Amino acid sequence: MCGCPSSSSGIENPVSRPSQVKPMGRVLGGALLRHCWRPLRGGLVRQAAMKASSSSHTSTSCSVSLAQTPGFKALAENPEVDLLKTLFARHGFPLRLAGGAVRDLLSGDTPQDLDFATTATPHEMKTLFETESIRTINELGEKHGTVTCRINDSANFEVTTLRIDKVTHGRKADVEFTKDWVLDANRRDLTINSMFLDLEGNLYDYFNGAEDLQKRRVAFVGEPERRIQEDFLRILRYFRFFGRISASPDTFEEQTLDAIRLNAAGLAQISGERIWMEWKKIMMGRFSQEIMLQMLDVGLGTHIGLPENPDIDQFKTVVQRAPESHPITRIVALLKDDRDMMQLHVRLKLSAFERDLGLFLVEHRQEFPALETTALDAIRPYQYMIVDHKGKPNDVRTWAEELLKYQGQPDLAKQIKEWDPPRFPISGKILLDKGCPKGVILGAVLRELKEQWKHSGFEATEEDLLQGLDAAISKVDLVALQQKKEPSFSAKKRKREFISRTTD
């Protein structure tokens with residue numbers, strides 16, 4: 001390899017930095033890219049990590065090469081990536097993949113997003129793209145160093161200037177641009193997210209990220225408390241990556257947990273939408289029960305919308321019954337009533353579907369929990385629940401499916417999922433055309449005929465039901481109907497009532 005240019009240029013050879021610089025950076029070749037947890041590859045990964053470690057105090061590069069591996073070749077042969085690489089090289093700026101994409105490639109996964117880093121400032125990048133007739137979009141990120149370019153009118157890439165977070169404000173920061181790759185790596189959250197990969201296939205690893213990845217260790221860059229205070233959402237990101245990377249659910253490090261415990265209240269500064277985005281991924285990932293219990297143990301519960309005394313025993317029961325259920329289904333097990341559910345919704349800004357699923361489960365979870373009868377009789381109450389509900393039939397069917405999972409009835413849940421809710425053949429217009437009185441009588445007759453239809457196994461036709469119209473009308477007790485007012489339990493009304501009670 002050629003000699004190493006000066007660090008002020010922002011360009012380094014893929015070798016370790018001088019011994020007086022800490023932390024020690026080094027380069028690993030791309031054999032780490034493919035299937036690093038598989039037994040046949042494990043020895044190669046360990047060998048590469050050992051070589052990097054042994055070379056960390058010298059100026060020789062690691063001998064492991066990446067250029068011919070399938071993962072890197074697929075990346076290098078991407079025409080948009082190749083054009084981006086060519087443009088930056090033509091204008092004399094280094095360009096490297098950064099963060100999650102590098103981690104995913106090292107893990108043998110296909111990156112979902114490609115984020116790049118460079119020493120070029122946003123102004124220099126804008127000039128570069130204008131000179132090359134490349135369109136840029138989304139100018140909002142430029143003050144933090146990110147320029148988004150559209151390549152070949154088919155792919156958008158974010159390229160961010162190396163930077164230092166001078167002053168942090170929750171998730172925002174006042175930044176200063178730099179040409180030092182180590183300083184940029186130092187501001188990142190986890191060691192496994194602090195690596196860079198150039199487009200020749202060399203890995204730049206300044207904080208032992210590859211070694212931690214090989215050990216399946218999730219650790220903050222530097223001091224955990226400092227990294228957390230820079231952005232309190234990193235608490236949840238830590239737990240999410242723990243579920244994704246760790247080999248077992250009992251390898252939390254006490255120093256990290258202590259830092260999280262001391263800073264748990266900082267999550268109150270984070271928007272509900274961002275908290276839910278991370279929390280949902282945690283609940284959909286590995287070790288969700290163990291991670292959730294650890295989150296509660298370090299004091300996150302009340303800061304993310306849970307009550308002070310969540311029902312941990314019920315949560316454990318439901319997770320065992322339904323490990324593949326919707327995240328809301330398992331979280332609801334921690335709640336005692338619809339007030340708790342609405343408090344969660346107000347904190348997290350859930351979608352209407354998620355909010356209503358939670359309310360549905362809270363309302364019905366004690367119904368029909370252990371029916372010892374025929375399969376047909378067992379599923380009927382849930383079918384009735386679906387056809388009687390005023391929500392969208394497909395949504396309500398999904399809610400009923402989740403209810404059955406919650407109750408430990410996976411076979412019935414599968415049946416409900418495959419069941420196509422039939423359409424009630426009678427409408428108010430049909431009854432009016434047949435001479436049924438308007439108002440409360442009409443509603444009562446509709447309900448009576450619907451009960452007959454349900455108990456026929458949904459087989460009764462319009463003609464069958466209309467034959468009993470006169471009998472249904474004669475059964476209506478008008479006085480009782482006028483005295484009875486059915487309460488409304490709509491989600492909107494529950495939310496209004498909840499907000500009213502909590503602000504009084």
# chains A, B, ... in the order shown; residues from 1 in each chain; ligands from 1

call {"tool": "select_by_dssp", "arguments": {"residues": "region 154-198 of chain A", "states": "strand (DSSP E or B)", "output": "JSON, numbers by chain"}}
result
{"A": [155, 156, 157, 158, 159, 160, 161, 163, 164, 165, 166, 167, 168, 169, 172, 173, 174, 175, 176, 177, 190, 196, 197, 198]}

call {"tool": "residues_around", "arguments": {"residues": "Lys414 (chain A)", "least_positions_apart": "4", "cutoff": "12 Å", "atoms": "only C-alpha atoms", "output": "list of chain:residue names"}}
result
A:Ser325, A:Ile379, A:Arg397, A:Thr398, A:Ala400, A:Glu401, A:Glu402, A:Leu403, A:Leu404, A:Lys405, A:Gly408, A:Gln409, A:Pro410, A:Glu418, A:Trp419

call {"tool": "residues_around", "arguments": {"residues": "region 255-268 of chain A", "least_positions_apart": "3", "cutoff": "8 Å", "atoms": "only C-alpha atoms", "output": "list in words"}}
result
Ala219, Phe220, Pro224, Glu225, Ile228, Gln229, Phe232, Leu233, Ile235, Phe252, Ser271, Val298, Gly299, Leu300, His303 and Ile304 of chain A

call {"tool": "write_last_selection", "arguments": {"atoms": "C-alpha atoms", "output": "mmCIF file, in the first residue's frame"}}
result
data_model
loop_
_atom_site.group_PDB
_atom_site.id
_atom_site.type_symbol
_atom_site.label_atom_id
_atom_site.label_comp_id
_atom_site.auth_asym_id
_atom_site.auth_seq_id
_atom_site.Cartn_x
_atom_site.Cartn_y
_atom_site.Cartn_z
ATOM 1 C CA ALA A 219 -21.573 -1.729 24.504
ATOM 2 C CA PHE A 220 -21.625 2.050 24.316
ATOM 3 C CA PRO A 224 -22.192 4.787 28.854
ATOM 4 C CA GLU A 225 -23.590 7.662 30.920
ATOM 5 C CA ILE A 228 -26.868 8.280 27.036
ATOM 6 C CA GLN A 229 -27.025 11.914 28.126
ATOM 7 C CA PHE A 232 -31.714 9.558 25.900
ATOM 8 C CA LEU A 233 -33.320 7.498 23.137
ATOM 9 C CA ILE A 235 -31.376 3.741 26.193
ATOM 10 C CA PHE A 252 -26.296 -7.354 30.432
ATOM 11 C CA SER A 271 -41.412 12.013 21.924
ATOM 12 C CA VAL A 298 -34.009 -0.132 35.659
ATOM 13 C CA GLY A 299 -37.016 2.147 36.032
ATOM 14 C CA LEU A 300 -38.139 2.907 32.473
ATOM 15 C CA HIS A 303 -41.352 7.226 31.505
ATOM 16 C CA ILE A 304 -42.619 5.226 28.531
#

call {"tool": "residues_around", "arguments": {"residues": "Pro393 (chain A)", "least_positions_apart": "2", "cutoff": "12 Å", "atoms": "only C-alpha atoms", "output": "list of chain:residue names"}}
result
A:Gln383, A:Tyr384, A:Met385, A:Ile386, A:Val387, A:Asp388, A:His389, A:Lys390, A:Gly391, A:Asp395, A:Val396, A:Arg397, A:Thr398, A:Trp399, A:Ala400, A:Ile416, A:Lys417, A:Trp419, A:Asp420, A:Pro421, A:Pro422, A:Arg423, A:Phe424

call {"tool": "select_by_dssp", "arguments": {"residues": "region 124-337 of chain A", "states": "helix (DSSP H, G or I)", "output": "PyMOL selection string"}}
result
chain A and resi 124-131+139-144+181-186+191-193+209-215+224-230+234-245+254-269+272-284+288-297+301-303+312-321+327-332

call {"tool": "atom_distance", "arguments": {"atom1": "CA of Asp205 (chain A)", "atom2": "CA of Phe129 (chain A)"}}
result
28.8 Å

call {"tool": "residues_around", "arguments": {"residues": "Ile473 (chain A)", "least_positions_apart": "4", "cutoff": "8 Å", "atoms": "only C-alpha atoms", "output": "PyMOL selection string"}}
result
chain A and resi 436+441+445+469
